[in-house]
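Everything below belongs to input37.txt, which stores compact mmCIF, C-alpha atoms.
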```txt
# COMPACT_ATOMS: atom_id res chain seq x y z
CA MET A 11 0.19 11.91 12.82
CA THR A 12 -0.12 10.87 9.22
CA VAL A 13 2.73 10.61 6.84
CA LYS A 14 2.76 13.23 4.17
CA GLY A 15 6.26 12.64 3.02
CA THR A 16 6.01 9.59 0.84
CA ASN A 17 8.40 9.73 -2.06
CA PHE A 18 7.47 7.69 -5.02
CA VAL A 19 10.02 6.81 -7.58
CA ASN A 20 8.95 6.21 -11.11
CA LEU A 21 11.10 3.64 -12.83
CA ARG A 22 10.28 4.81 -16.29
CA THR A 23 13.70 5.65 -17.56
CA ALA A 24 17.13 4.20 -17.98
CA GLY A 25 18.93 1.63 -15.90
CA ASP A 26 18.26 -1.92 -14.84
CA PRO A 27 14.86 -1.81 -13.08
CA VAL A 28 15.74 -4.58 -10.64
CA GLU A 29 18.93 -2.83 -9.57
CA LEU A 30 17.29 0.59 -9.48
CA GLY A 31 14.32 -0.70 -7.50
CA ARG A 32 16.56 -2.22 -4.87
CA LEU A 33 18.71 0.89 -4.71
CA TYR A 34 15.75 3.22 -4.20
CA SER A 35 14.27 0.92 -1.62
CA GLU A 36 17.57 0.90 0.29
CA GLN A 37 17.82 4.68 0.05
CA GLY A 38 14.44 5.05 1.71
CA ALA A 39 11.87 5.52 -1.04
CA ASP A 40 8.46 4.83 0.51
CA GLU A 41 6.92 3.31 -2.56
CA LEU A 42 7.90 2.43 -6.12
CA VAL A 43 5.91 3.01 -9.27
CA PHE A 44 6.97 1.05 -12.30
CA LEU A 45 5.48 2.01 -15.65
CA ASP A 46 5.60 -0.18 -18.73
CA ILE A 47 6.15 1.66 -21.96
CA THR A 48 6.18 -1.37 -24.22
CA ALA A 49 3.04 -2.07 -26.18
CA SER A 50 3.36 -5.46 -27.83
CA HIS A 51 1.98 -8.70 -26.48
CA GLU A 52 5.49 -10.08 -26.26
CA GLY A 53 6.52 -6.94 -24.40
CA ARG A 54 3.81 -7.61 -21.82
CA LYS A 55 5.21 -11.03 -20.97
CA THR A 56 8.68 -9.61 -20.58
CA PHE A 57 7.21 -6.89 -18.41
CA ALA A 58 5.43 -9.29 -16.05
CA ASP A 59 8.68 -11.17 -15.70
CA MET A 60 10.45 -7.93 -14.85
CA VAL A 61 7.77 -7.10 -12.26
CA LYS A 62 8.40 -10.47 -10.68
CA ARG A 63 12.12 -9.87 -10.38
CA VAL A 64 11.68 -6.33 -9.02
CA ALA A 65 9.04 -7.48 -6.51
CA ALA A 66 11.31 -10.21 -5.17
CA THR A 67 13.83 -7.62 -3.98
CA LEU A 68 11.42 -4.98 -2.64
CA SER A 69 10.11 -4.60 0.89
CA ILE A 70 8.07 -1.48 0.16
CA PRO A 71 4.76 -1.06 -1.70
CA PHE A 72 5.09 -1.57 -5.42
CA THR A 73 2.73 -0.06 -7.99
CA VAL A 74 2.81 -1.15 -11.61
CA GLY A 75 1.18 0.55 -14.58
CA GLY A 76 0.99 0.55 -18.33
CA GLY A 77 -1.15 -1.40 -20.76
CA ILE A 78 -3.76 -2.55 -18.25
CA ASN A 79 -7.07 -2.98 -20.03
CA GLU A 80 -8.95 -5.68 -18.17
CA LEU A 81 -9.08 -7.67 -14.96
CA SER A 82 -6.84 -10.43 -16.30
CA ASP A 83 -4.06 -7.85 -16.79
CA VAL A 84 -4.42 -6.83 -13.14
CA ASP A 85 -4.44 -10.43 -12.01
CA ARG A 86 -1.25 -11.18 -13.92
CA LEU A 87 0.61 -8.22 -12.42
CA LEU A 88 -0.57 -8.92 -8.87
CA SER A 89 0.46 -12.54 -9.30
CA ALA A 90 3.88 -11.30 -10.36
CA GLY A 91 4.16 -9.50 -7.03
CA ALA A 92 2.78 -5.98 -7.62
CA ASP A 93 0.79 -4.54 -4.71
CA LYS A 94 -1.18 -2.04 -6.76
CA VAL A 95 -1.84 -1.27 -10.39
CA SER A 96 -2.06 2.13 -12.00
CA ILE A 97 -4.58 2.62 -14.80
CA ASN A 98 -5.05 5.68 -16.95
CA SER A 99 -6.35 5.56 -20.55
CA ALA A 100 -8.33 2.37 -19.91
CA ALA A 101 -10.17 4.02 -17.01
CA LEU A 102 -11.21 6.97 -19.18
CA ARG A 103 -12.27 4.63 -21.97
CA CYS A 104 -14.11 2.28 -19.61
CA PRO A 105 -14.69 3.83 -16.17
CA GLU A 106 -16.41 0.63 -15.04
CA LEU A 107 -12.96 -0.97 -14.90
CA ILE A 108 -12.32 0.99 -11.68
CA ASN A 109 -15.38 -0.56 -10.02
CA GLU A 110 -14.37 -4.00 -11.25
CA ILE A 111 -10.81 -3.78 -9.95
CA ALA A 112 -12.05 -2.45 -6.60
CA ALA A 113 -14.64 -5.21 -6.31
CA HIS A 114 -12.28 -8.04 -7.28
CA PHE A 115 -9.04 -7.00 -5.66
CA GLY A 116 -9.98 -4.20 -3.24
CA SER A 117 -9.78 -0.44 -3.62
CA GLN A 118 -6.22 -0.37 -2.31
CA VAL A 119 -5.08 -2.12 -5.51
CA CYS A 120 -6.55 0.49 -7.85
CA VAL A 121 -4.51 3.62 -8.46
CA VAL A 122 -5.95 5.85 -11.16
CA ALA A 123 -3.41 8.04 -12.91
CA ILE A 124 -4.74 11.28 -14.33
CA ASP A 125 -2.72 13.34 -16.80
CA ALA A 126 -4.17 16.81 -17.16
CA LYS A 127 -3.30 20.09 -18.77
CA GLN A 128 -4.66 23.55 -18.16
CA SER A 129 -6.30 25.47 -20.98
CA ASP A 130 -8.43 28.60 -20.57
CA GLU A 131 -8.62 28.23 -16.78
CA GLU A 132 -9.84 24.65 -17.13
CA TRP A 133 -7.94 21.45 -16.47
CA ILE A 134 -8.58 18.86 -19.18
CA CYS A 135 -7.70 15.15 -18.90
CA TYR A 136 -5.55 13.45 -21.54
CA THR A 137 -5.00 9.82 -22.51
CA HIS A 138 -2.28 7.86 -24.30
CA GLY A 139 0.60 9.29 -22.35
CA GLY A 140 -0.69 12.83 -22.74
CA ARG A 141 -1.14 12.68 -26.49
CA ARG A 142 -4.93 12.71 -26.77
CA PRO A 143 -7.22 15.25 -25.11
CA THR A 144 -10.59 14.07 -23.77
CA ASP A 145 -13.73 16.01 -22.94
CA ARG A 146 -13.26 15.30 -19.24
CA ARG A 147 -12.47 18.03 -16.75
CA LEU A 148 -9.97 17.16 -14.04
CA LEU A 149 -12.10 17.72 -10.97
CA ASP A 150 -15.18 15.99 -12.41
CA TRP A 151 -13.18 12.96 -13.47
CA ALA A 152 -11.30 12.81 -10.17
CA ARG A 153 -14.58 12.83 -8.27
CA GLU A 154 -15.94 10.03 -10.44
CA VAL A 155 -12.74 8.02 -9.95
CA ASN A 156 -13.08 8.54 -6.19
CA ASP A 157 -16.75 7.49 -6.20
CA ARG A 158 -16.14 4.44 -8.34
CA GLY A 159 -13.85 3.05 -5.66
CA ALA A 160 -10.28 3.83 -6.66
CA GLY A 161 -7.80 3.71 -3.79
CA GLU A 162 -5.55 6.59 -4.83
CA ILE A 163 -5.19 9.20 -7.54
CA LEU A 164 -1.85 9.86 -9.17
CA PHE A 165 -2.19 13.35 -10.62
CA THR A 166 0.33 14.55 -13.19
CA SER A 167 0.20 18.08 -14.45
CA MET A 168 1.43 17.94 -18.04
CA ASP A 169 2.18 21.65 -17.82
CA HIS A 170 4.60 21.03 -14.97
CA ASP A 171 5.98 17.62 -15.94
CA GLY A 172 9.65 17.79 -16.89
CA VAL A 173 9.84 21.56 -16.33
CA LYS A 174 11.28 21.22 -12.83
CA THR A 175 9.67 24.36 -11.47
CA GLY A 176 7.49 22.66 -8.88
CA PHE A 177 4.22 20.71 -8.73
CA ALA A 178 0.81 22.12 -9.75
CA ASN A 179 0.01 23.05 -6.17
CA GLU A 180 -3.22 24.92 -6.74
CA ALA A 181 -4.86 22.12 -8.70
CA LEU A 182 -3.40 19.59 -6.27
CA ALA A 183 -4.91 21.35 -3.26
CA GLN A 184 -8.27 21.47 -4.95
CA LEU A 185 -8.14 17.71 -5.56
CA ALA A 186 -6.74 16.83 -2.16
CA ASP A 187 -9.33 18.93 -0.33
CA THR A 188 -12.25 17.61 -2.39
CA LEU A 189 -11.51 13.89 -2.52
CA SER A 190 -11.77 11.28 0.19
CA ILE A 191 -8.87 9.22 -1.20
CA PRO A 192 -5.15 10.04 -1.17
CA VAL A 193 -3.72 12.19 -3.95
CA ILE A 194 -0.18 11.65 -5.18
CA ALA A 195 1.52 14.66 -6.74
CA SER A 196 3.49 14.02 -9.91
CA GLY A 197 5.25 16.20 -12.43
CA GLY A 198 7.45 19.19 -11.76
CA ALA A 199 9.91 18.26 -9.05
CA GLY A 200 13.23 20.02 -9.54
CA ALA A 201 14.26 21.00 -6.04
CA LYS A 202 13.68 19.87 -2.46
CA GLU A 203 11.48 22.89 -1.81
CA HIS A 204 9.08 21.67 -4.49
CA PHE A 205 8.34 18.54 -2.47
CA ARG A 206 7.72 20.62 0.63
CA ASP A 207 5.35 22.86 -1.31
CA ALA A 208 3.43 19.88 -2.71
CA PHE A 209 2.64 18.93 0.90
CA THR A 210 2.19 22.36 2.49
CA LEU A 211 0.55 24.21 -0.43
CA GLY A 212 -0.74 21.32 -2.52
CA HIS A 213 -1.98 19.26 0.47
CA ALA A 214 -0.73 16.17 -1.38
CA ASP A 215 -0.67 12.87 0.47
CA ALA A 216 2.47 11.80 -1.35
CA ALA A 217 4.82 13.06 -4.01
CA LEU A 218 6.32 11.19 -6.94
CA ALA A 219 9.40 12.04 -8.94
CA ALA A 220 11.55 10.30 -11.49
CA SER A 221 14.32 12.24 -13.14
CA VAL A 222 15.63 14.10 -10.08
CA PHE A 223 16.22 10.72 -8.44
CA HIS A 224 17.41 8.88 -11.54
CA PHE A 225 20.00 11.48 -12.33
CA GLY A 226 21.09 11.90 -8.75
CA GLU A 227 20.09 15.55 -8.52
CA ILE A 228 18.33 14.94 -5.23
CA GLY A 229 19.17 12.12 -2.85
CA ILE A 230 16.20 10.45 -1.18
CA ALA A 231 17.75 10.44 2.31
CA GLU A 232 18.77 14.07 1.94
CA LEU A 233 15.29 15.02 0.75
CA LYS A 234 13.71 13.31 3.73
CA GLU A 235 16.00 15.08 6.19
CA TYR A 236 15.04 18.34 4.55
CA LEU A 237 11.29 17.59 4.73
CA HIS A 238 11.65 16.58 8.35
CA SER A 239 13.43 19.86 9.13
CA GLU A 240 10.51 21.64 7.47
CA GLY A 241 8.11 19.97 9.88
CA ILE A 242 6.71 17.39 7.48
CA ALA A 243 6.24 13.87 8.86
CA VAL A 244 8.41 11.46 6.89
CA ARG A 245 9.75 7.98 7.46
CA ARG A 246 13.49 8.23 8.05
CA ASP A 247 14.22 4.93 9.85
CA ILE A 248 14.89 2.96 6.72
CA MET B 30 11.81 -24.32 9.83
CA LYS B 31 8.39 -24.98 8.36
CA VAL B 32 6.35 -21.83 7.82
CA ALA B 33 2.79 -22.16 6.56
CA ILE B 34 0.70 -19.38 5.08
CA VAL B 35 -3.03 -19.88 5.49
CA LYS B 36 -4.59 -20.18 2.05
CA TYR B 37 -8.00 -18.56 1.84
CA ASN B 38 -9.91 -16.06 -0.25
CA ALA B 39 -8.27 -12.91 1.07
CA GLY B 40 -5.68 -11.41 -0.93
CA ASN B 41 -2.36 -10.84 -2.27
CA ILE B 42 0.12 -13.14 -0.57
CA TYR B 43 2.98 -12.69 -3.00
CA SER B 44 4.66 -9.93 -1.03
CA VAL B 45 4.49 -12.08 2.12
CA ILE B 46 6.11 -14.96 0.25
CA ASN B 47 8.79 -12.63 -1.17
CA ALA B 48 9.52 -11.17 2.26
CA LEU B 49 9.92 -14.63 3.83
CA ARG B 50 12.19 -15.74 0.98
CA ARG B 51 14.42 -12.73 1.63
CA LEU B 52 14.74 -14.04 5.18
CA GLY B 53 15.78 -17.43 3.84
CA VAL B 54 12.48 -19.23 4.45
CA GLU B 55 10.47 -21.00 1.74
CA PRO B 56 6.89 -20.93 3.04
CA ILE B 57 4.13 -23.31 2.06
CA LEU B 58 0.71 -22.01 1.12
CA THR B 59 -1.98 -24.34 2.39
CA ASP B 60 -5.51 -24.76 3.71
CA ASP B 61 -4.86 -28.32 4.83
CA PRO B 62 -5.56 -28.66 8.59
CA GLU B 63 -2.75 -31.16 9.15
CA GLU B 64 -0.18 -29.11 7.27
CA LEU B 65 -1.15 -26.05 9.28
CA ALA B 66 -1.11 -27.94 12.56
CA CYS B 67 2.39 -29.31 12.03
CA ALA B 68 4.01 -26.07 10.85
CA ASP B 69 6.48 -24.33 13.19
CA LYS B 70 4.99 -20.95 12.41
CA VAL B 71 1.75 -19.94 10.74
CA ILE B 72 1.07 -16.70 8.92
CA PHE B 73 -2.51 -15.56 8.44
CA PRO B 74 -2.24 -12.75 5.89
CA GLY B 75 -4.89 -10.90 4.04
CA GLN B 76 -6.54 -8.16 2.16
CA GLY B 77 -10.19 -8.33 1.45
CA GLU B 78 -13.61 -8.09 3.02
CA ALA B 79 -14.23 -9.51 6.50
CA SER B 80 -17.63 -11.20 6.11
CA ASN B 81 -16.62 -12.91 2.84
CA ALA B 82 -13.38 -14.06 4.40
CA MET B 83 -15.20 -15.46 7.47
CA ARG B 84 -17.71 -17.27 5.27
CA TYR B 85 -14.86 -18.91 3.39
CA LEU B 86 -12.98 -19.84 6.57
CA ARG B 87 -16.10 -21.45 8.07
CA ALA B 88 -16.96 -23.29 4.85
CA HIS B 89 -13.46 -24.80 4.84
CA ASN B 90 -13.41 -25.49 8.57
CA LEU B 91 -10.42 -23.17 8.86
CA ASP B 92 -12.07 -21.21 11.69
CA ARG B 93 -11.63 -24.18 14.04
CA VAL B 94 -8.22 -25.08 12.70
CA ILE B 95 -6.85 -21.57 13.24
CA THR B 96 -8.24 -21.05 16.73
CA GLN B 97 -6.84 -24.40 17.87
CA LEU B 98 -3.29 -23.77 16.69
CA ARG B 99 -0.67 -23.84 19.46
CA GLN B 100 2.40 -22.63 17.56
CA PRO B 101 3.08 -18.91 16.97
CA LEU B 102 0.64 -17.42 14.47
CA LEU B 103 0.96 -13.98 12.90
CA GLY B 104 -2.19 -12.33 11.55
CA ILE B 105 -1.58 -9.49 9.10
CA CYS B 106 -4.01 -6.70 8.23
CA ILE B 107 -7.42 -8.34 7.78
CA GLY B 108 -5.79 -11.40 9.34
CA GLN B 109 -5.55 -9.36 12.55
CA GLN B 110 -9.13 -8.17 12.28
CA LEU B 111 -10.45 -11.70 11.72
CA LEU B 112 -8.76 -12.82 14.96
CA CYS B 113 -11.00 -10.40 16.87
CA ARG B 114 -14.52 -11.04 18.16
CA HIS B 115 -16.59 -9.18 15.59
CA SER B 116 -16.11 -6.86 12.61
CA GLU B 117 -18.30 -4.01 11.52
CA GLU B 118 -17.23 -4.81 7.96
CA GLY B 119 -20.12 -6.91 6.70
CA ASN B 120 -21.31 -7.15 10.35
CA THR B 121 -19.69 -10.53 10.93
CA ASP B 122 -18.64 -12.56 13.93
CA CYS B 123 -14.95 -13.41 13.69
CA LEU B 124 -12.59 -15.91 15.31
CA GLY B 125 -12.68 -14.42 18.81
CA ILE B 126 -9.07 -14.88 19.88
CA PHE B 127 -8.98 -11.23 20.87
CA ASP B 128 -12.00 -10.14 22.84
CA VAL B 129 -12.49 -6.83 21.02
CA ASP B 130 -14.62 -5.58 18.12
CA VAL B 131 -13.32 -4.13 14.85
CA VAL B 132 -14.93 -0.83 13.82
CA LYS B 133 -14.72 1.56 10.88
CA PHE B 134 -12.74 4.80 10.94
CA GLN B 135 -14.98 7.86 11.21
CA PRO B 136 -13.19 10.98 9.93
CA LYS B 137 -13.52 13.90 12.32
CA GLU B 138 -12.09 16.64 10.15
CA GLN B 139 -11.09 17.43 6.57
CA GLY B 140 -7.98 15.66 5.40
CA GLN B 141 -8.64 12.54 7.48
CA LYS B 142 -9.00 10.12 4.63
CA VAL B 143 -10.30 6.58 4.81
CA PRO B 144 -8.66 4.16 4.13
CA HIS B 145 -5.72 4.98 6.31
CA MET B 146 -3.10 4.44 3.64
CA GLY B 147 0.62 5.02 3.93
CA TRP B 148 3.39 5.05 6.50
CA ASN B 149 2.69 5.74 10.17
CA THR B 150 4.46 5.17 13.46
CA LEU B 151 4.26 2.37 16.03
CA GLU B 152 4.21 3.29 19.69
CA GLN B 153 3.86 1.62 23.09
CA LEU B 154 5.47 -1.55 21.79
CA LYS B 155 4.88 -4.53 24.02
CA SER B 156 5.66 -7.80 22.34
CA ASP B 157 8.55 -10.08 21.42
CA ILE B 158 7.93 -9.36 17.74
CA PHE B 159 9.13 -5.80 18.46
CA LYS B 160 12.34 -6.93 20.13
CA GLY B 161 15.05 -4.32 19.59
CA PHE B 162 12.57 -1.55 18.74
CA GLU B 163 12.61 1.84 20.41
CA GLY B 164 9.18 3.11 19.42
CA ASN B 165 8.23 5.54 16.67
CA GLU B 166 9.32 3.15 13.93
CA TYR B 167 7.39 3.53 10.68
CA ALA B 168 5.24 0.80 9.16
CA TYR B 169 3.01 0.65 6.09
CA PHE B 170 -0.78 0.63 6.54
CA VAL B 171 -3.79 0.17 4.27
CA HIS B 172 -7.10 -0.22 6.11
CA SER B 173 -10.55 1.28 6.69
CA TYR B 174 -11.43 -0.67 9.85
CA TYR B 175 -9.42 -0.74 13.05
CA VAL B 176 -9.09 -2.42 16.42
CA PRO B 177 -9.75 0.02 19.31
CA LEU B 178 -7.26 0.29 22.16
CA CYS B 179 -7.59 -2.79 24.35
CA SER B 180 -5.69 -4.91 26.83
CA TRP B 181 -4.27 -7.07 23.99
CA ALA B 182 -2.62 -4.09 22.26
CA ALA B 183 1.04 -4.80 21.46
CA ALA B 184 1.49 -1.52 19.58
CA THR B 185 -0.55 1.61 19.09
CA THR B 186 -0.76 4.01 16.17
CA ASP B 187 -2.44 7.38 15.94
CA TYR B 188 -4.76 7.95 12.99
CA ILE B 189 -7.91 9.98 13.67
CA GLN B 190 -7.46 8.57 17.19
CA PRO B 191 -5.00 6.18 18.83
CA TYR B 192 -5.85 2.54 18.13
CA ALA B 193 -4.29 -0.91 18.50
CA SER B 194 -2.00 -1.47 15.51
CA ALA B 195 -0.68 -4.80 16.83
CA LEU B 196 -2.10 -7.43 19.19
CA HIS B 197 -0.65 -10.27 21.19
CA ARG B 198 -2.19 -13.00 23.29
CA ASP B 199 -0.45 -16.31 24.05
CA ASN B 200 0.70 -17.78 20.71
CA PHE B 201 -1.38 -15.33 18.67
CA TYR B 202 0.34 -12.24 17.26
CA ALA B 203 -1.19 -9.78 14.84
CA THR B 204 -0.36 -6.55 13.06
CA GLN B 205 -2.72 -4.14 11.34
CA PHE B 206 0.14 -2.89 9.19
CA HIS B 207 1.94 -4.92 6.53
CA PRO B 208 5.37 -5.98 7.82
CA GLU B 209 6.06 -7.48 4.40
CA LYS B 210 5.86 -3.98 2.89
CA SER B 211 7.39 -2.03 5.75
CA GLY B 212 11.01 -1.98 4.68
CA SER B 213 13.70 -2.98 7.17
CA VAL B 214 11.35 -2.38 10.13
CA GLY B 215 8.96 -4.95 8.72
CA GLU B 216 11.79 -7.35 8.04
CA ARG B 217 12.88 -7.15 11.68
CA ILE B 218 9.34 -7.88 12.83
CA LEU B 219 9.10 -10.94 10.57
CA LYS B 220 12.55 -12.07 11.71
CA ASN B 221 11.56 -11.67 15.37
CA PHE B 222 8.42 -13.68 14.68
CA LEU B 223 10.36 -16.47 12.99
CA GLU B 224 12.73 -16.57 15.97
CA LEU B 225 9.97 -16.93 18.59
```
Kindly transcribe the structure held in the file into structure tokens.
Amino acid sequence: MTVKGTNFVNLRTAGDPVELGRLYSEQGADELVFLDITASHEGRKTFADMVKRVAATLSIPFTVGGGINELSDVDRLLSAGADKVSINSAALRCPELINEIAAHFGSQVCVVAIDAKQSDEEWICYTHGGRRPTDRRLLDWAREVNDRGAGEILFTSMDHDGVKTGFANEALAQLADTLSIPVIASGGAGAKEHFRDAFTLGHADAALAASVFHFGEIGIAELKEYLHSEGIAVRRDI
Amino acid sequence: MKVAIVKYNAGNIYSVINALRRLGVEPILTDDPEELACADKVIFPGQGEASNAMRYLRAHNLDRVITQLRQPLLGICIGQQLLCRHSEEGNTDCLGIFDVDVVKFQPKEQGQKVPHMGWNTLEQLKSDIFKGFEGNEYAYFVHSYYVPLCSWAAATTDYIQPYASALHRDNFYATQFHPEKSGSVGERILKNFLEL
């Protein structure tokens, strides 16, 4: 039996990250993703310090992303207590970075986030937080990411993100069935059924959400009970 | 209590240190044979590649130091694999505490991804480090190689096929999963280990 029911929590928005991280961990989140939205050099130092304080309280896997451009950035975040790093724009700009992270720190450290949007039947990858389109198609890029040694893919459908009508299950299933690494579904969660569908229809290995947890619309324990009742293997002994 | 973490070239030990601190223990990180020998408990953590790790351990004489320890030792993840006889990863001889060979997962059907990454259950628990457990507790795994079922198995997990997800022999304990990342279940395992 493998666990399909991982719930990631993305600590992008409001609240004290240390407090939120501990709260989610206590409520039974299976993993935390913490994204930095600051850009300045000074911001980076503050961020690493924040990672350190969050990591000290967490007993579940902790992924950190944002502003990672080279190996020294990865090293700094791992030294602060992150278990994995998530890279996005930098990987598209310099795909070799995936190989380098995998070779230096192991594939399990390297999560590649892919933001994509559908246009004319095709899924196109975007960088810079979804602001800049690239000439990469989702499936081609995902395959390359897989082959270069990434440990996981965090796929966000920009069409679904924030809309709360469910994950992009068709595209998810295509990725999950094609790739040999786990695929995390992101973008679109608005109801408990959406998580179920990401696993049953989207074949996702895990599902991530932010706002429904931050704003208390769905409780993590309640979601897990629901997924369990729907026959999906989830960790409930928190 | 003096808890030593074996310092070598495998991996991210910060989450192990954080987990021990949450249990009120300030571990020391060392590759000094005397420091390791006089610790009350030794933790042999790891992420990384087996043959590189073994080369490093031999070059620093840590292979002998580790196998001669008499206090409780806990190998984690690749730490468990290195305590076995041989690993298919880099085709290397290992420390030989557990007379069993580490092999790579071979997917048998679609959807069986390697590495085995995520939460999975522990069954057939048979060691003091699982004191108070009922079976079916979830732990966090990240690995591509595994220890087949064997007489040293202290827990089993089913991924592609059942395998040994924890081992125990004399003062040597080992887990394939990461107790330091396995929530309250992992904390209980570490606590049980510290109380041995």
Point to revise | Contact set, chain A to chain B: 6 Å, all atoms listed in the file, as a PyMOL selection string | key: chain A and resi 12-13+66+69-71+91+190-191+245
Point to revise | Between atom CA of A:Ala183 and atom CA of A:Leu42 - distance in Å to one decimal | key: 23.0 Å
Axis-aligned box over every listed atom of stretch 135-152 of chain A, padded by 8 Å per side: centre and edges in Å to one decimal, as AutoDock Vina command-line options?
```
--center_x -7.3 --center_y 12.9 --center_z -18.5 --size_x 31.8 --size_y 26.2 --size_z 32.6
```
Point to revise | Gap from atom CA of B:Gln153 to atom CA of B:Val132 - Å, one decimal | key: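 Here the two named atoms are 21.1 Å from each other.
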Study note, to complete from the structure: note - atom CA of A:Ala123 and atom CA of A:Asp247 are separated by 29.0 Å
Check your understanding: Using only C-alpha atoms, which of A:Gly241, A:Ala217, A:Glu162, A:Phe225 sits nearest A:Glu41?
Key -> A:Ala217
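Among the candidates A:Ala208, A:Leu45, A:Ile97, A:Ala214, the residue lying nearest to A:Phe57 is A:Leu45 (atoms considered: all atoms listed in the file).
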Review point. Of the candidates B:Gly161, B:Gly53, B:Gly125, B:Gly108, which shows the shortest atom-to-atom distance to B:Thr96, using only C-alpha atoms?
Key: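 Between B:Gly161, B:Gly53, B:Gly125, B:Gly108, the residue approaching B:Thr96 most closely is B:Gly125.
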Exercise for review: Identify, on the basis of only C-alpha atoms, every residue whose closest approach to A:Leu185 does not exceed 9 Å; exclude the query and any residue fewer than 3 positions from it along the same chain; express the result as a ChimeraX atom specification.
Suggested key: /A:148-149,152-153,165,180-182,188-189,193,212-214
Exercise for review: Could you pull out every residue with an atom within 8 Å of (-5.9, -0.9, 16.8), file coordinates, counting all atoms listed in the file, and send them as a ChimeraX atom specification?
Suggested key: /B:175-179,182,184-186,191-196,205
Residues of the last selection are to be written out with C-alpha atoms, as a compact mmCIF listing (two decimals), keeping the file's coordinate frame.
```txt
# COMPACT_ATOMS: atom_id res chain seq x y z
CA TYR B 175 -9.42 -0.74 13.05
CA VAL B 176 -9.09 -2.42 16.42
CA PRO B 177 -9.75 0.02 19.31
CA LEU B 178 -7.26 0.29 22.16
CA CYS B 179 -7.59 -2.79 24.35
CA ALA B 182 -2.62 -4.09 22.26
CA ALA B 184 1.49 -1.52 19.58
CA THR B 185 -0.55 1.61 19.09
CA THR B 186 -0.76 4.01 16.17
CA PRO B 191 -5.00 6.18 18.83
CA TYR B 192 -5.85 2.54 18.13
CA ALA B 193 -4.29 -0.91 18.50
CA SER B 194 -2.00 -1.47 15.51
CA ALA B 195 -0.68 -4.80 16.83
CA LEU B 196 -2.10 -7.43 19.19
CA GLN B 205 -2.72 -4.14 11.34
```
Please identify all polymer residues within 12 Å of A:Met60, counting only C-alpha atoms, omitting same-chain residues fewer than 2 positions from it, and present them as a PDB file with C-alpha atoms, in the coordinates of the input.
```
ATOM      1  CA  LEU A  21      11.100   3.640 -12.830  1.00  0.00           C
ATOM      2  CA  ASP A  26      18.260  -1.920 -14.840  1.00  0.00           C
ATOM      3  CA  PRO A  27      14.860  -1.810 -13.080  1.00  0.00           C
ATOM      4  CA  VAL A  28      15.740  -4.580 -10.640  1.00  0.00           C
ATOM      5  CA  GLU A  29      18.930  -2.830  -9.570  1.00  0.00           C
ATOM      6  CA  GLY A  31      14.320  -0.700  -7.500  1.00  0.00           C
ATOM      7  CA  PHE A  44       6.970   1.050 -12.300  1.00  0.00           C
ATOM      8  CA  LEU A  45       5.480   2.010 -15.650  1.00  0.00           C
ATOM      9  CA  ASP A  46       5.600  -0.180 -18.730  1.00  0.00           C
ATOM     10  CA  GLY A  53       6.520  -6.940 -24.400  1.00  0.00           C
ATOM     11  CA  ARG A  54       3.810  -7.610 -21.820  1.00  0.00           C
ATOM     12  CA  LYS A  55       5.210 -11.030 -20.970  1.00  0.00           C
ATOM     13  CA  THR A  56       8.680  -9.610 -20.580  1.00  0.00           C
ATOM     14  CA  PHE A  57       7.210  -6.890 -18.410  1.00  0.00           C
ATOM     15  CA  ALA A  58       5.430  -9.290 -16.050  1.00  0.00           C
ATOM     16  CA  LYS A  62       8.400 -10.470 -10.680  1.00  0.00           C
ATOM     17  CA  ARG A  63      12.120  -9.870 -10.380  1.00  0.00           C
ATOM     18  CA  VAL A  64      11.680  -6.330  -9.020  1.00  0.00           C
ATOM     19  CA  ALA A  65       9.040  -7.480  -6.510  1.00  0.00           C
ATOM     20  CA  ALA A  66      11.310 -10.210  -5.170  1.00  0.00           C
ATOM     21  CA  THR A  67      13.830  -7.620  -3.980  1.00  0.00           C
ATOM     22  CA  VAL A  74       2.810  -1.150 -11.610  1.00  0.00           C
ATOM     23  CA  LEU A  87       0.610  -8.220 -12.420  1.00  0.00           C
ATOM     24  CA  ALA A  90       3.880 -11.300 -10.360  1.00  0.00           C
ATOM     25  CA  GLY A  91       4.160  -9.500  -7.030  1.00  0.00           C
ATOM     26  CA  ALA A  92       2.780  -5.980  -7.620  1.00  0.00           C
TER      27      ALA A  92
END
```
